[in-house]
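What follows is work_31.cif (mmCIF, C-alpha atoms).
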```
data_upload
loop_
_atom_site.label_atom_id
_atom_site.label_comp_id
_atom_site.auth_asym_id
_atom_site.auth_seq_id
_atom_site.Cartn_x
_atom_site.Cartn_y
_atom_site.Cartn_z
CA MET A 1151 26.96 -22.97 -2.70
CA ALA A 1152 27.27 -19.18 -3.03
CA THR A 1153 29.55 -17.32 -0.65
CA ASP A 1154 28.26 -14.31 1.31
CA ARG A 1155 30.16 -12.00 -1.04
CA GLU A 1156 28.68 -13.68 -4.13
CA LEU A 1157 25.21 -13.45 -2.60
CA ARG A 1158 25.64 -9.72 -1.86
CA LEU A 1159 26.81 -9.14 -5.43
CA GLN A 1160 23.87 -11.14 -6.79
CA ILE A 1161 21.38 -9.16 -4.71
CA ARG A 1162 22.99 -5.86 -5.79
CA ALA A 1163 22.83 -6.93 -9.43
CA LEU A 1164 19.16 -7.92 -9.08
CA ARG A 1165 18.39 -4.57 -7.45
CA ALA A 1166 20.14 -2.66 -10.24
CA PHE A 1167 18.34 -4.76 -12.80
CA ALA A 1168 15.02 -4.02 -11.07
CA ALA A 1169 15.59 -0.28 -11.28
CA LEU A 1170 16.13 -0.61 -15.03
CA THR A 1171 13.62 -3.34 -15.83
CA TYR A 1172 10.63 -1.22 -16.84
CA PRO A 1173 12.04 2.09 -18.13
CA PHE A 1174 8.84 3.04 -19.90
CA ALA A 1175 9.42 6.74 -20.55
CA CYS A 1176 6.92 6.69 -23.40
CA VAL A 1177 4.04 4.73 -21.88
CA PRO A 1178 2.07 7.77 -20.62
CA PHE A 1179 2.14 9.11 -24.19
CA LEU A 1180 1.38 6.01 -26.28
CA TRP A 1181 -2.34 6.76 -26.48
CA PHE A 1182 -1.46 10.08 -28.16
CA TRP A 1183 1.03 8.35 -30.49
CA PHE A 1184 -1.57 5.79 -31.52
CA HIS A 1185 -4.23 8.46 -32.06
CA ARG A 1186 -1.80 10.57 -34.08
CA HIS A 1187 -1.52 7.61 -36.45
CA GLY A 1188 -5.24 7.04 -36.91
CA ILE A 1189 -6.07 4.64 -34.09
CA ASP A 1190 -9.45 5.50 -32.58
CA ASP A 1191 -10.59 4.51 -29.09
CA VAL A 1192 -11.88 1.11 -30.23
CA GLY A 1193 -8.65 0.43 -32.12
CA TYR A 1194 -6.67 1.45 -29.06
CA GLY A 1195 -8.65 -1.04 -26.98
CA ILE A 1196 -7.88 -3.77 -29.50
CA VAL A 1197 -4.17 -2.92 -29.58
CA ILE A 1198 -3.96 -3.01 -25.78
CA ALA A 1199 -5.98 -6.26 -25.73
CA VAL A 1200 -3.32 -7.79 -28.00
CA TYR A 1201 -0.73 -6.91 -25.36
CA TYR A 1202 -2.67 -8.52 -22.51
CA ALA A 1203 -3.72 -11.56 -24.53
CA THR A 1204 -0.11 -12.20 -25.56
CA MET A 1205 1.17 -11.73 -22.04
CA GLY A 1206 -1.46 -14.10 -20.63
CA ALA A 1207 -0.92 -16.74 -23.30
CA ALA A 1208 2.86 -16.60 -22.96
CA GLU A 1209 3.03 -16.70 -19.16
CA VAL A 1210 3.27 -20.47 -18.69
CA PRO A 1211 5.40 -21.23 -21.78
CA THR A 1212 7.95 -18.55 -20.89
CA GLY A 1213 8.07 -19.88 -17.33
CA MET A 1214 8.80 -23.31 -18.74
CA LEU A 1215 11.58 -21.81 -20.87
CA ALA A 1216 13.08 -20.17 -17.78
CA ASP A 1217 12.94 -23.51 -15.96
CA ARG A 1218 14.57 -25.26 -18.90
CA PHE A 1219 17.25 -22.74 -19.90
CA GLY A 1220 17.75 -20.79 -16.70
CA ARG A 1221 16.67 -17.49 -15.22
CA ARG A 1222 19.58 -15.37 -16.43
CA PRO A 1223 18.85 -15.68 -20.17
CA MET A 1224 15.33 -14.43 -19.45
CA LEU A 1225 16.79 -11.31 -17.79
CA VAL A 1226 18.36 -10.50 -21.14
CA ALA A 1227 15.64 -11.77 -23.49
CA GLY A 1228 12.79 -9.97 -21.71
CA PRO A 1229 14.20 -6.44 -22.01
CA LEU A 1230 15.35 -7.13 -25.59
CA LEU A 1231 11.81 -8.17 -26.51
CA LEU A 1232 10.56 -4.97 -24.88
CA ALA A 1233 13.11 -2.94 -26.86
CA VAL A 1234 12.05 -4.54 -30.14
CA GLY A 1235 8.40 -3.99 -29.21
CA PHE A 1236 8.92 -0.28 -28.58
CA ALA A 1237 11.07 0.03 -31.71
CA THR A 1238 8.23 -1.58 -33.69
CA VAL A 1239 5.69 0.87 -32.24
CA LEU A 1240 8.02 3.73 -33.26
CA THR A 1241 8.98 2.58 -36.75
CA TRP A 1242 5.75 0.92 -37.90
CA PRO A 1243 3.10 3.46 -36.89
CA SER A 1244 -0.04 1.70 -38.08
CA PHE A 1245 -2.68 -0.55 -36.60
CA SER A 1246 -0.76 -3.66 -37.70
CA GLY A 1247 2.55 -2.31 -36.44
CA PHE A 1248 1.04 -1.34 -33.11
CA CYS A 1249 -0.47 -4.81 -32.70
CA VAL A 1250 2.86 -6.48 -33.48
CA GLY A 1251 4.68 -4.07 -31.15
CA GLU A 1252 2.22 -4.67 -28.32
CA ALA A 1253 2.44 -8.44 -28.83
CA LEU A 1254 6.22 -8.19 -28.45
CA LEU A 1255 5.76 -6.05 -25.33
CA GLY A 1256 3.36 -8.63 -23.88
CA LEU A 1257 5.83 -11.39 -24.62
CA GLY A 1258 8.65 -9.40 -23.02
CA HIS A 1259 6.60 -8.87 -19.88
CA ALA A 1260 5.72 -12.55 -19.70
CA VAL A 1261 9.39 -13.47 -19.98
CA LEU A 1262 10.18 -11.14 -17.06
CA SER A 1263 7.26 -11.99 -14.80
CA GLY A 1264 8.95 -14.70 -12.74
CA PRO A 1265 12.68 -15.14 -13.30
CA PRO A 1266 13.97 -12.19 -11.23
CA ALA A 1267 11.95 -13.22 -8.16
CA ALA A 1268 12.82 -16.90 -8.65
CA LEU A 1269 16.50 -16.06 -9.02
CA LEU A 1270 16.43 -13.96 -5.85
CA PHE A 1271 14.73 -16.72 -3.87
CA GLU A 1272 17.02 -19.45 -5.21
CA SER A 1273 20.10 -17.34 -4.44
CA LEU A 1274 18.97 -16.79 -0.85
CA GLU A 1275 17.86 -20.40 -0.43
CA ALA A 1276 21.22 -21.73 -1.62
CA ARG A 1277 22.83 -19.81 1.24
CA GLY A 1278 20.27 -20.89 3.83
CA ARG A 1279 18.72 -17.42 3.93
CA ALA A 1280 15.34 -17.99 2.30
CA HIS A 1281 13.73 -16.23 5.26
CA GLU A 1282 15.20 -12.95 3.92
CA TYR A 1283 13.32 -13.25 0.63
CA HIS A 1284 10.31 -11.03 1.42
CA ARG A 1285 12.44 -8.14 2.65
CA ASN A 1286 14.74 -8.35 -0.37
CA GLU A 1287 11.84 -8.72 -2.80
CA ALA A 1288 10.22 -5.62 -1.29
CA VAL A 1289 13.40 -3.64 -1.94
CA VAL A 1290 13.56 -4.98 -5.49
CA ASN A 1291 9.94 -3.98 -6.16
CA THR A 1292 10.48 -0.54 -4.66
CA LEU A 1293 13.48 0.02 -6.92
CA ARG A 1294 11.49 -1.20 -9.92
CA LEU A 1295 8.71 1.28 -9.18
CA LEU A 1296 11.18 4.13 -8.58
CA GLY A 1297 12.94 3.33 -11.85
CA THR A 1298 9.63 3.36 -13.70
CA ALA A 1299 8.61 6.65 -12.07
CA GLY A 1300 11.94 8.21 -13.00
CA SER A 1301 11.53 7.06 -16.58
CA PHE A 1302 8.04 8.62 -16.70
CA LEU A 1303 9.60 11.93 -15.62
CA LEU A 1304 12.27 11.53 -18.31
CA GLY A 1305 9.55 10.80 -20.87
CA GLY A 1306 7.67 13.95 -19.93
CA LEU A 1307 10.82 16.03 -20.31
CA LEU A 1308 11.61 14.45 -23.68
CA VAL A 1309 8.09 14.96 -25.00
CA ALA A 1310 8.09 18.58 -23.82
CA ALA A 1311 11.50 19.28 -25.36
CA PHE A 1312 11.15 17.20 -28.54
CA ASP A 1313 8.18 14.92 -29.26
CA ILE A 1314 6.71 11.54 -28.45
CA GLN A 1315 9.19 9.83 -30.78
CA ALA A 1316 12.04 10.93 -28.49
CA ALA A 1317 10.36 9.25 -25.51
CA ILE A 1318 9.76 6.05 -27.50
CA LEU A 1319 13.36 6.02 -28.71
CA ALA A 1320 14.65 6.64 -25.18
CA THR A 1321 12.47 3.80 -23.90
CA THR A 1322 13.91 1.48 -26.54
CA VAL A 1323 17.47 2.42 -25.59
CA LEU A 1324 16.73 2.07 -21.86
CA CYS A 1325 15.31 -1.42 -22.45
CA VAL A 1326 18.56 -2.40 -24.16
CA GLY A 1327 20.33 -1.02 -21.09
CA ALA A 1328 18.17 -3.26 -18.92
CA ALA A 1329 19.23 -6.26 -21.04
CA ILE A 1330 22.86 -5.30 -20.53
CA ALA A 1331 22.22 -5.02 -16.77
CA GLY A 1332 20.64 -8.49 -16.94
CA THR A 1333 23.98 -9.90 -18.05
CA SER A 1334 25.53 -8.83 -14.73
CA VAL A 1335 23.21 -11.13 -12.77
CA VAL A 1336 25.00 -14.44 -12.27
#
```
Take the structure from the file and write it as structure tokens.
Amino acid sequence: MATDRELRLQIRALRAFAALTYPFACVPFLWFWFHRHGIDDVGYGIVIAVYYATMGAAEVPTGMLADRFGRRPMLVAGPLLLAVGFATVLTWPSFSGFCVGEALLGLGHAVLSGPPAALLFESLEARGRAHEYHRNEAVVNTLRLLGTAGSFLLGGLLVAAFDIQAAILATTVLCVGAAIAGTSVV
């Protein structure tokens, strides 16, 4: 059973991870990136549909993987899949590359959809404090949204100073940072 100190450290690590989980500095600009590389509105719809179809199809299997291999590996694998997805969108700027990149992004999101919340609940439950879950999950979600908002601001600054590629590259690097933060969750 986790000690109070271990539980506090676990919750802090999950909160830090949440703030870094979705550092999507480039997302507000992807439509422009896709259009710059010849993707029309219909093609954009198809590329985004690939993302959602992959995420939906992978939801249950990735949950089963998290149940089988543990939550922590998913906290590393999810952001790494996101990083590879964004790197693919950056380095393979074509309809095929965008579809592959969005499929990787959908898979990364599916991997991350449940493990952080399950890990938080299981950590609290192991200490007899499951009743604190909703409050802690609210803080985690707030930090996740604030982290995403901050990354959007960063993306805007990078696009204004450089170009969309800088925001995509920064997003890729930030996702790797999220994977590193995922290793601190025990």
All residues 8 Å or closer to Val1323 in chain A, all atoms listed in the file, same chain fewer than 4 positions away omitted, as a ChimeraX atom specification: /A:1233,1319,1327
Could you work out an axis-aligned bounding box for all listed atoms of range 1230-1242 of chain A, with 8 Å added on each of the six sides, and give its centre and edge lengths in Å to one decimal, as lines of an AutoDock Vina configuration file?
```
center_x = 10.5
center_y = -2.2
center_z = -31.4
size_x = 25.7
size_y = 27.9
size_z = 29.0
```
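The residues returned by the PyMOL selection byres ((chain A and resi 1185) around 12) for this structure are Phe1179, Leu1180, Trp1181, Phe1182, Trp1183, Phe1184, Arg1186, His1187, Gly1188, Ile1189, Asp1190, Asp1191, Val1192, Gly1193, Tyr1194, Gly1195, Val1197, Pro1243, Ser1244, Phe1245, Phe1248 and Ile1314 of chain A.
Each of A:Leu1304, A:Leu1274, A:Ala1267, A:Pro1173 was checked against Ala1288 in chain A using only C-alpha atoms; the smallest atom-to-atom distance is that of A:Ala1267.
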_Result set, the PyMOL selection byres ((chain A and resi 1254) around 10) on current file, as an NGL selection string_ = :A and (1200-1201 or 1204-1205 or 1228 or 1230-1236 or 1238-1239 or 1248-1253 or 1255-1260)
Take the selection from the previous step and output its residues with C-alpha atoms, as a tab-separated table (two decimals), in the coordinates of the input.
```tsv
chain	number	residue	atom	x	y	z
A	1200	VAL	CA	-3.32	-7.79	-28.00
A	1201	TYR	CA	-0.73	-6.91	-25.36
A	1204	THR	CA	-0.11	-12.20	-25.56
A	1205	MET	CA	1.17	-11.73	-22.04
A	1228	GLY	CA	12.79	-9.97	-21.71
A	1230	LEU	CA	15.35	-7.13	-25.59
A	1231	LEU	CA	11.81	-8.17	-26.51
A	1232	LEU	CA	10.56	-4.97	-24.88
A	1233	ALA	CA	13.11	-2.94	-26.86
A	1234	VAL	CA	12.05	-4.54	-30.14
A	1235	GLY	CA	8.40	-3.99	-29.21
A	1236	PHE	CA	8.92	-0.28	-28.58
A	1238	THR	CA	8.23	-1.58	-33.69
A	1239	VAL	CA	5.69	0.87	-32.24
A	1248	PHE	CA	1.04	-1.34	-33.11
A	1249	CYS	CA	-0.47	-4.81	-32.70
A	1250	VAL	CA	2.86	-6.48	-33.48
A	1251	GLY	CA	4.68	-4.07	-31.15
A	1252	GLU	CA	2.22	-4.67	-28.32
A	1253	ALA	CA	2.44	-8.44	-28.83
A	1255	LEU	CA	5.76	-6.05	-25.33
A	1256	GLY	CA	3.36	-8.63	-23.88
A	1257	LEU	CA	5.83	-11.39	-24.62
A	1258	GLY	CA	8.65	-9.40	-23.02
A	1259	HIS	CA	6.60	-8.87	-19.88
A	1260	ALA	CA	5.72	-12.55	-19.70
```
